Structure formats: C-alpha cells, structure tokens
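Next comes coords.cif, with mmCIF, N, CA and C atoms.
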```cif
data_data
loop_
_atom_site.group_PDB
_atom_site.id
_atom_site.type_symbol
_atom_site.label_atom_id
_atom_site.label_comp_id
_atom_site.auth_asym_id
_atom_site.auth_seq_id
_atom_site.Cartn_x
_atom_site.Cartn_y
_atom_site.Cartn_z
ATOM 1 N N MET G 1 10.644 27.724 -14.699
ATOM 2 C CA MET G 1 10.068 27.425 -13.409
ATOM 3 C C MET G 1 10.936 26.386 -12.715
ATOM 4 N N PRO G 2 11.374 26.647 -11.491
ATOM 5 C CA PRO G 2 12.222 25.694 -10.786
ATOM 6 C C PRO G 2 11.443 24.428 -10.435
ATOM 7 N N SER G 3 12.126 23.301 -10.502
ATOM 8 C CA SER G 3 11.461 22.045 -10.183
ATOM 9 C C SER G 3 11.350 21.891 -8.672
ATOM 10 N N LYS G 4 10.269 21.264 -8.239
ATOM 11 C CA LYS G 4 10.052 21.043 -6.819
ATOM 12 C C LYS G 4 10.354 19.590 -6.514
ATOM 13 N N LYS G 5 11.160 19.376 -5.510
ATOM 14 C CA LYS G 5 11.462 18.012 -5.093
ATOM 15 C C LYS G 5 10.324 17.517 -4.214
ATOM 16 N N HIS G 6 9.732 16.426 -4.612
ATOM 17 C CA HIS G 6 8.649 15.838 -3.828
ATOM 18 C C HIS G 6 9.210 14.709 -2.984
ATOM 19 N N ARG G 7 8.740 14.630 -1.769
ATOM 20 C CA ARG G 7 9.127 13.529 -0.898
ATOM 21 C C ARG G 7 8.351 12.281 -1.312
ATOM 22 N N PRO G 8 8.892 11.099 -1.042
ATOM 23 C CA PRO G 8 8.191 9.866 -1.422
ATOM 24 C C PRO G 8 6.766 9.791 -0.872
ATOM 25 N N GLU G 9 6.552 10.315 0.334
ATOM 26 C CA GLU G 9 5.210 10.285 0.920
ATOM 27 C C GLU G 9 4.246 11.131 0.090
ATOM 28 N N GLU G 10 4.721 12.291 -0.363
ATOM 29 C CA GLU G 10 3.888 13.165 -1.179
ATOM 30 C C GLU G 10 3.577 12.512 -2.520
ATOM 31 N N ILE G 11 4.570 11.874 -3.100
ATOM 32 C CA ILE G 11 4.386 11.231 -4.396
ATOM 33 C C ILE G 11 3.329 10.138 -4.298
ATOM 34 N N ILE G 12 3.419 9.312 -3.275
ATOM 35 C CA ILE G 12 2.454 8.225 -3.118
ATOM 36 C C ILE G 12 1.059 8.785 -2.889
ATOM 37 N N GLY G 13 0.954 9.858 -2.114
ATOM 38 C CA GLY G 13 -0.344 10.499 -1.906
ATOM 39 C C GLY G 13 -0.931 11.024 -3.209
ATOM 40 N N LYS G 14 -0.096 11.655 -4.021
ATOM 41 C CA LYS G 14 -0.572 12.177 -5.303
ATOM 42 C C LYS G 14 -0.956 11.048 -6.253
ATOM 43 N N LEU G 15 -0.189 9.963 -6.232
ATOM 44 C CA LEU G 15 -0.545 8.819 -7.081
ATOM 45 C C LEU G 15 -1.880 8.221 -6.662
ATOM 46 N N ARG G 16 -2.114 8.142 -5.373
ATOM 47 C CA ARG G 16 -3.409 7.624 -4.890
ATOM 48 C C ARG G 16 -4.546 8.541 -5.311
ATOM 49 N N GLU G 17 -4.313 9.853 -5.208
ATOM 50 C CA GLU G 17 -5.339 10.811 -5.632
ATOM 51 C C GLU G 17 -5.616 10.673 -7.125
ATOM 52 N N ALA G 18 -4.576 10.494 -7.919
ATOM 53 C CA ALA G 18 -4.745 10.321 -9.362
ATOM 54 C C ALA G 18 -5.522 9.045 -9.662
ATOM 55 N N GLU G 19 -5.263 7.979 -8.919
ATOM 56 C CA GLU G 19 -5.980 6.724 -9.141
ATOM 57 C C GLU G 19 -7.466 6.882 -8.831
ATOM 58 N N VAL G 20 -7.779 7.670 -7.814
ATOM 59 C CA VAL G 20 -9.184 7.923 -7.487
ATOM 60 C C VAL G 20 -9.857 8.683 -8.630
ATOM 61 N N VAL G 21 -9.169 9.689 -9.143
ATOM 62 C CA VAL G 21 -9.719 10.483 -10.245
ATOM 63 C C VAL G 21 -9.906 9.596 -11.478
ATOM 64 N N LEU G 22 -8.941 8.748 -11.759
ATOM 65 C CA LEU G 22 -9.049 7.846 -12.901
ATOM 66 C C LEU G 22 -10.182 6.843 -12.715
ATOM 67 N N ALA G 23 -10.384 6.376 -11.497
ATOM 68 C CA ALA G 23 -11.461 5.430 -11.212
ATOM 69 C C ALA G 23 -12.832 6.070 -11.403
ATOM 70 N N GLN G 24 -12.892 7.391 -11.276
ATOM 71 C CA GLN G 24 -14.148 8.102 -11.475
ATOM 72 C C GLN G 24 -14.429 8.352 -12.952
ATOM 73 N N GLY G 25 -13.539 7.874 -13.827
ATOM 74 C CA GLY G 25 -13.775 7.985 -15.252
ATOM 75 C C GLY G 25 -13.057 9.130 -15.945
ATOM 76 N N ALA G 26 -12.195 9.816 -15.260
ATOM 77 C CA ALA G 26 -11.459 10.932 -15.862
ATOM 78 C C ALA G 26 -10.297 10.389 -16.691
ATOM 79 N N THR G 27 -9.756 11.228 -17.547
ATOM 80 C CA THR G 27 -8.605 10.834 -18.351
ATOM 81 C C THR G 27 -7.328 11.031 -17.543
ATOM 82 N N THR G 28 -6.258 10.467 -18.060
ATOM 83 C CA THR G 28 -4.965 10.619 -17.394
ATOM 84 C C THR G 28 -4.551 12.089 -17.359
ATOM 85 N N ALA G 29 -4.803 12.812 -18.445
ATOM 86 C CA ALA G 29 -4.442 14.231 -18.492
ATOM 87 C C ALA G 29 -5.180 15.017 -17.415
ATOM 88 N N GLU G 30 -6.459 14.706 -17.216
ATOM 89 C CA GLU G 30 -7.227 15.399 -16.170
ATOM 90 C C GLU G 30 -6.699 15.054 -14.780
ATOM 91 N N ALA G 31 -6.348 13.797 -14.589
ATOM 92 C CA ALA G 31 -5.804 13.382 -13.288
ATOM 93 C C ALA G 31 -4.471 14.081 -13.021
ATOM 94 N N CYS G 32 -3.658 14.227 -14.054
ATOM 95 C CA CYS G 32 -2.363 14.892 -13.886
ATOM 96 C C CYS G 32 -2.547 16.377 -13.573
ATOM 97 N N ARG G 33 -3.503 17.002 -14.217
ATOM 98 C CA ARG G 33 -3.784 18.409 -13.895
ATOM 99 C C ARG G 33 -4.253 18.549 -12.452
ATOM 100 N N ARG G 34 -5.034 17.591 -12.004
ATOM 101 C CA ARG G 34 -5.571 17.632 -10.647
ATOM 102 C C ARG G 34 -4.460 17.535 -9.598
ATOM 103 N N ILE G 35 -3.447 16.719 -9.874
ATOM 104 C CA ILE G 35 -2.351 16.570 -8.905
ATOM 105 C C ILE G 35 -1.185 17.492 -9.233
ATOM 106 N N ALA G 36 -1.330 18.307 -10.266
ATOM 107 C CA ALA G 36 -0.368 19.362 -10.638
ATOM 108 C C ALA G 36 1.002 18.820 -11.040
ATOM 109 N N VAL G 37 1.001 17.781 -11.881
ATOM 110 C CA VAL G 37 2.246 17.269 -12.458
ATOM 111 C C VAL G 37 2.007 16.968 -13.929
ATOM 112 N N SER G 38 3.089 16.847 -14.673
ATOM 113 C CA SER G 38 2.959 16.505 -16.088
ATOM 114 C C SER G 38 2.660 15.010 -16.223
ATOM 115 N N GLU G 39 2.172 14.635 -17.398
ATOM 116 C CA GLU G 39 1.886 13.214 -17.617
ATOM 117 C C GLU G 39 3.165 12.391 -17.554
ATOM 118 N N GLN G 40 4.256 12.947 -18.050
ATOM 119 C CA GLN G 40 5.540 12.241 -18.009
ATOM 120 C C GLN G 40 5.942 11.960 -16.562
ATOM 121 N N THR G 41 5.782 12.966 -15.711
ATOM 122 C CA THR G 41 6.110 12.784 -14.289
ATOM 123 C C THR G 41 5.203 11.737 -13.659
ATOM 124 N N TYR G 42 3.912 11.794 -13.999
ATOM 125 C CA TYR G 42 2.964 10.817 -13.459
ATOM 126 C C TYR G 42 3.392 9.402 -13.817
ATOM 127 N N TYR G 43 3.721 9.159 -15.095
ATOM 128 C CA TYR G 43 4.101 7.815 -15.523
ATOM 129 C C TYR G 43 5.430 7.378 -14.903
ATOM 130 N N ARG G 44 6.355 8.317 -14.750
ATOM 131 C CA ARG G 44 7.635 7.990 -14.115
ATOM 132 C C ARG G 44 7.416 7.615 -12.649
ATOM 133 N N TRP G 45 6.597 8.409 -11.970
ATOM 134 C CA TRP G 45 6.288 8.109 -10.567
ATOM 135 C C TRP G 45 5.583 6.765 -10.456
ATOM 136 N N ARG G 46 4.639 6.519 -11.342
ATOM 137 C CA ARG G 46 3.883 5.275 -11.267
ATOM 138 C C ARG G 46 4.804 4.076 -11.477
ATOM 139 N N LYS G 47 5.771 4.233 -12.375
ATOM 140 C CA LYS G 47 6.724 3.152 -12.627
ATOM 141 C C LYS G 47 7.595 2.904 -11.398
ATOM 142 N N GLU G 48 8.034 3.981 -10.750
ATOM 143 C CA GLU G 48 8.945 3.845 -9.616
ATOM 144 C C GLU G 48 8.233 3.533 -8.308
ATOM 145 N N TYR G 49 7.093 4.166 -8.066
ATOM 146 C CA TYR G 49 6.429 4.056 -6.768
ATOM 147 C C TYR G 49 5.125 3.275 -6.797
ATOM 148 N N GLY G 50 4.698 2.829 -7.968
ATOM 149 C CA GLY G 50 3.419 2.129 -8.067
ATOM 150 C C GLY G 50 3.388 0.891 -7.186
ATOM 151 N N GLY G 51 2.401 0.771 -6.357
ATOM 152 C CA GLY G 51 2.252 -0.395 -5.495
ATOM 153 C C GLY G 51 3.010 -0.333 -4.184
ATOM 154 N N LEU G 52 3.794 0.715 -3.979
ATOM 155 C CA LEU G 52 4.545 0.822 -2.722
ATOM 156 C C LEU G 52 3.713 1.528 -1.662
ATOM 157 N N LYS G 53 3.960 1.143 -0.435
ATOM 158 C CA LYS G 53 3.376 1.875 0.681
ATOM 159 C C LYS G 53 4.347 2.986 1.060
ATOM 160 N N THR G 54 3.888 3.928 1.840
ATOM 161 C CA THR G 54 4.685 5.095 2.199
ATOM 162 C C THR G 54 5.993 4.700 2.880
ATOM 163 N N ASP G 55 5.920 3.794 3.847
ATOM 164 C CA ASP G 55 7.137 3.410 4.565
ATOM 165 C C ASP G 55 8.106 2.650 3.657
ATOM 166 N N GLN G 56 7.580 1.880 2.713
ATOM 167 C CA GLN G 56 8.446 1.171 1.772
ATOM 168 C C GLN G 56 9.173 2.147 0.859
ATOM 169 N N ALA G 57 8.481 3.182 0.401
ATOM 170 C CA ALA G 57 9.106 4.178 -0.475
ATOM 171 C C ALA G 57 10.183 4.947 0.270
ATOM 172 N N ARG G 58 9.909 5.307 1.505
ATOM 173 C CA ARG G 58 10.891 6.024 2.312
ATOM 174 C C ARG G 58 12.131 5.158 2.522
ATOM 175 N N ARG G 59 11.923 3.891 2.811
ATOM 176 C CA ARG G 59 13.035 2.965 3.023
ATOM 177 C C ARG G 59 13.849 2.789 1.738
ATOM 178 N N MET G 60 13.154 2.724 0.588
ATOM 179 C CA MET G 60 13.843 2.584 -0.688
ATOM 180 C C MET G 60 14.749 3.785 -0.948
ATOM 181 N N LYS G 61 14.253 4.985 -0.696
ATOM 182 C CA LYS G 61 15.062 6.188 -0.907
ATOM 183 C C LYS G 61 16.257 6.214 0.046
ATOM 184 N N ASP G 62 16.052 5.811 1.283
ATOM 185 C CA ASP G 62 17.158 5.757 2.238
ATOM 186 C C ASP G 62 18.227 4.763 1.778
ATOM 187 N N LEU G 63 17.801 3.622 1.270
ATOM 188 C CA LEU G 63 18.756 2.625 0.782
ATOM 189 C C LEU G 63 19.504 3.122 -0.447
ATOM 190 N N GLU G 64 18.827 3.862 -1.320
ATOM 191 C CA GLU G 64 19.494 4.420 -2.492
ATOM 192 C C GLU G 64 20.568 5.424 -2.080
ATOM 193 N N LYS G 65 20.281 6.256 -1.087
ATOM 194 C CA LYS G 65 21.276 7.219 -0.595
ATOM 195 C C LYS G 65 22.473 6.494 0.015
ATOM 196 N N GLU G 66 22.207 5.459 0.793
ATOM 197 C CA GLU G 66 23.273 4.681 1.412
ATOM 198 C C GLU G 66 24.126 4.005 0.339
ATOM 199 N N ASN G 67 23.484 3.506 -0.697
ATOM 200 C CA ASN G 67 24.192 2.854 -1.792
ATOM 201 C C ASN G 67 25.140 3.836 -2.483
ATOM 202 N N VAL G 68 24.687 5.051 -2.731
ATOM 203 C CA VAL G 68 25.541 6.071 -3.346
ATOM 204 C C VAL G 68 26.732 6.378 -2.455
ATOM 205 N N ARG G 69 26.488 6.505 -1.161
ATOM 206 C CA ARG G 69 27.565 6.796 -0.214
ATOM 207 C C ARG G 69 28.602 5.684 -0.203
ATOM 208 N N LEU G 70 28.137 4.444 -0.205
ATOM 209 C CA LEU G 70 29.067 3.308 -0.179
ATOM 210 C C LEU G 70 29.849 3.196 -1.486
ATOM 211 N N ARG G 71 29.207 3.442 -2.606
ATOM 212 C CA ARG G 71 29.923 3.404 -3.890
ATOM 213 C C ARG G 71 31.010 4.463 -3.934
ATOM 214 N N ARG G 72 30.714 5.641 -3.423
ATOM 215 C CA ARG G 72 31.711 6.710 -3.391
ATOM 216 C C ARG G 72 32.889 6.303 -2.512
ATOM 217 N N ALA G 73 32.598 5.683 -1.371
ATOM 218 C CA ALA G 73 33.668 5.240 -0.472
ATOM 219 C C ALA G 73 34.534 4.178 -1.143
ATOM 220 N N ILE G 74 33.916 3.261 -1.846
ATOM 221 C CA ILE G 74 34.673 2.210 -2.535
ATOM 222 C C ILE G 74 35.555 2.808 -3.619
ATOM 223 N N SER G 75 35.015 3.753 -4.379
ATOM 224 C CA SER G 75 35.826 4.352 -5.446
ATOM 225 C C SER G 75 37.009 5.134 -4.864
ATOM 226 N N ASP G 76 36.795 5.814 -3.746
ATOM 227 C CA ASP G 76 37.898 6.537 -3.096
ATOM 228 C C ASP G 76 38.979 5.575 -2.622
ATOM 229 N N LEU G 77 38.559 4.475 -2.002
ATOM 230 C CA LEU G 77 39.522 3.499 -1.501
ATOM 231 C C LEU G 77 40.269 2.813 -2.647
ATOM 232 N N THR G 78 39.571 2.539 -3.740
ATOM 233 C CA THR G 78 40.219 1.923 -4.895
ATOM 234 C C THR G 78 41.261 2.858 -5.488
ATOM 235 N N LEU G 79 40.934 4.135 -5.575
ATOM 236 C CA LEU G 79 41.880 5.119 -6.094
ATOM 237 C C LEU G 79 43.099 5.217 -5.186
ATOM 238 N N ASP G 80 42.873 5.259 -3.875
ATOM 239 C CA ASP G 80 43.996 5.287 -2.929
ATOM 240 C C ASP G 80 44.893 4.059 -3.097
ATOM 241 N N LYS G 81 44.292 2.906 -3.266
ATOM 242 C CA LYS G 81 45.055 1.665 -3.429
ATOM 243 C C LYS G 81 45.906 1.723 -4.693
ATOM 244 N N LEU G 82 45.324 2.192 -5.794
ATOM 245 C CA LEU G 82 46.078 2.277 -7.051
ATOM 246 C C LEU G 82 47.241 3.257 -6.943
ATOM 247 N N ILE G 83 47.015 4.369 -6.265
ATOM 248 C CA ILE G 83 48.085 5.356 -6.073
ATOM 249 C C ILE G 83 49.212 4.754 -5.250
ATOM 250 N N LEU G 84 48.870 4.053 -4.183
ATOM 251 C CA LEU G 84 49.892 3.439 -3.330
ATOM 252 C C LEU G 84 50.655 2.350 -4.074
ATOM 253 N N GLN G 85 49.953 1.554 -4.904
ATOM 254 C CA GLN G 85 50.629 0.519 -5.669
ATOM 255 C C GLN G 85 51.627 1.133 -6.641
ATOM 256 N N GLU G 86 51.237 2.195 -7.308
ATOM 257 C CA GLU G 86 52.127 2.842 -8.255
ATOM 258 C C GLU G 86 53.328 3.468 -7.545
ATOM 259 N N ALA G 87 53.076 4.069 -6.385
ATOM 260 C CA ALA G 87 54.176 4.664 -5.615
ATOM 261 C C ALA G 87 55.138 3.586 -5.121
ATOM 262 N N ALA G 88 54.607 2.415 -4.764
ATOM 263 C CA ALA G 88 55.452 1.332 -4.277
ATOM 264 C C ALA G 88 56.348 0.790 -5.385
ATOM 265 N N ARG G 89 55.865 0.840 -6.623
ATOM 266 C CA ARG G 89 56.662 0.374 -7.758
ATOM 267 C C ARG G 89 57.704 1.419 -8.182
ATOM 268 N N GLY G 90 57.536 2.627 -7.718
ATOM 269 C CA GLY G 90 58.464 3.694 -8.049
ATOM 270 C C GLY G 90 58.189 4.335 -9.392
ATOM 271 N N ASN G 91 56.972 4.261 -9.879
ATOM 272 C CA ASN G 91 56.599 4.845 -11.176
ATOM 273 C C ASN G 91 55.901 6.195 -10.985
ATOM 274 N N PHE G 92 56.553 7.104 -10.365
ATOM 275 C CA PHE G 92 55.934 8.414 -10.166
ATOM 276 C C PHE G 92 56.734 9.508 -10.702
#
```

Rewrite the structure of this file - the entire thing - as structure tokens.
Amino acid sequence: MPSKKHRPEEIIGKLREAEVVLAQGATTAEACRRIAVSEQTYYRWRKEYGGLKTDQARRMKDLEKENVRLRRAISDLTLDKLILQEAARGNF
C-alpha cells in the first residue's frame, strides 16, 4: 500500500482527534484506528508535532525545506571552491 503524505495541518487535526478519543477513555490502539494511522506513526507525530499549533507546524516545515536548500547550496559552493583550488595548484 503506498504511503500517503499528510500535511502538517492534517497531522495536527488527527492528533487532536486522537486526544479527544483518549480523553474519553479509549486505548491508544483504538484512537489510532479511529484516525487511520499505525501506533508508530501516532507516536512519531506526537513527538514531532505535539503541542504545536497549525501555523507553527507549517512554518517549521517551511524552515526545514529552506534549510535543506541552503545546505545543498553550501555543499555545491564548497565543491566548486575545492575544484578551483586544485586547478589553481595545477594538480589535475
């Protein structure tokens, strides 16, 4: 079964729904069935998104994407610099 990518807003909504089910006295397994995710996914989401508001989660994901983009740019520039240094020394 292909995995479905959930948006941060959806994840927070499902976590809130699970918390309501748990507050009503249900088990974690029942809450996970209700929101249609595995217990492992529930605990991973709770660790990452627990206590966040929707806009905070969206901002966090945007910052993570920007961070990846900047790291890639730095690695490209570092590689270019090393190539130019080696070419300048005549070791090619």

(request) Starting from the displayed file, determine the output of the PyMOL selection byres ((chain G and resi 12) around 8) and express the residue list as a PyMOL selection string. (result) chain G and resi 6-11+13-18+45+49-50+52-54

Quick one: write out the picked residues with N, CA and C atoms as a short mmCIF file (atom, residue, chain, number, x, y, z; two decimals), in the coordinates of the input?
```cif
data_model
loop_
_atom_site.label_atom_id
_atom_site.label_comp_id
_atom_site.auth_asym_id
_atom_site.auth_seq_id
_atom_site.Cartn_x
_atom_site.Cartn_y
_atom_site.Cartn_z
N HIS G 6 9.73 16.43 -4.61
CA HIS G 6 8.65 15.84 -3.83
C HIS G 6 9.21 14.71 -2.98
N ARG G 7 8.74 14.63 -1.77
CA ARG G 7 9.13 13.53 -0.90
C ARG G 7 8.35 12.28 -1.31
N PRO G 8 8.89 11.10 -1.04
CA PRO G 8 8.19 9.87 -1.42
C PRO G 8 6.77 9.79 -0.87
N GLU G 9 6.55 10.32 0.33
CA GLU G 9 5.21 10.28 0.92
C GLU G 9 4.25 11.13 0.09
N GLU G 10 4.72 12.29 -0.36
CA GLU G 10 3.89 13.16 -1.18
C GLU G 10 3.58 12.51 -2.52
N ILE G 11 4.57 11.87 -3.10
CA ILE G 11 4.39 11.23 -4.40
C ILE G 11 3.33 10.14 -4.30
N GLY G 13 0.95 9.86 -2.11
CA GLY G 13 -0.34 10.50 -1.91
C GLY G 13 -0.93 11.02 -3.21
N LYS G 14 -0.10 11.66 -4.02
CA LYS G 14 -0.57 12.18 -5.30
C LYS G 14 -0.96 11.05 -6.25
N LEU G 15 -0.19 9.96 -6.23
CA LEU G 15 -0.55 8.82 -7.08
C LEU G 15 -1.88 8.22 -6.66
N ARG G 16 -2.11 8.14 -5.37
CA ARG G 16 -3.41 7.62 -4.89
C ARG G 16 -4.55 8.54 -5.31
N GLU G 17 -4.31 9.85 -5.21
CA GLU G 17 -5.34 10.81 -5.63
C GLU G 17 -5.62 10.67 -7.12
N ALA G 18 -4.58 10.49 -7.92
CA ALA G 18 -4.74 10.32 -9.36
C ALA G 18 -5.52 9.04 -9.66
N TRP G 45 6.60 8.41 -11.97
CA TRP G 45 6.29 8.11 -10.57
C TRP G 45 5.58 6.76 -10.46
N TYR G 49 7.09 4.17 -8.07
CA TYR G 49 6.43 4.06 -6.77
C TYR G 49 5.12 3.28 -6.80
N GLY G 50 4.70 2.83 -7.97
CA GLY G 50 3.42 2.13 -8.07
C GLY G 50 3.39 0.89 -7.19
N LEU G 52 3.79 0.72 -3.98
CA LEU G 52 4.54 0.82 -2.72
C LEU G 52 3.71 1.53 -1.66
N LYS G 53 3.96 1.14 -0.44
CA LYS G 53 3.38 1.88 0.68
C LYS G 53 4.35 2.99 1.06
N THR G 54 3.89 3.93 1.84
CA THR G 54 4.68 5.10 2.20
C THR G 54 5.99 4.70 2.88
#
```

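Across the model, the gap from CA of Gly51 in chain G to CA of Thr27 in chain G is 20.2 Å.
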
(message) Could you go through range 2-82 of chain G and tell me which residues DSSP, when run on the backbone, assigns to helix (DSSP H, G or I), listing them as a PyMOL selection string?
(response) chain G and resi 8-23+28-35+39-49+54-82

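One finds atom C of Lys61 in chain G at 11.9 Å from atom C of Glu48 in chain G.
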
(request) Could you check how far CA of Lys5 in chain G sits from CA of Glu39 in chain G, in Å to one decimal? (result) 16.5 Å

(message) For Glu30 in chain G, find every residue with an atom within 12 Å (counting only C-alpha atoms), except residues of its own chain fewer than 6 positions away, and show them as a list in words.
(response) Glu17, Ala18, Glu19, Val20, Val21, Leu22, Ala23, Gln24, Ala36, Val37, Ser38, Glu39 and Tyr42 of chain G

Padded axis-aligned box of range 67-74 of chain G (4 Å per side), centre and edge lengths, Å, one decimal, as JSON:
```
{"center_x": 29.5, "center_y": 4.5, "center_z": -2.1, "size_x": 20.1, "size_y": 12.6, "size_z": 11.8}
```
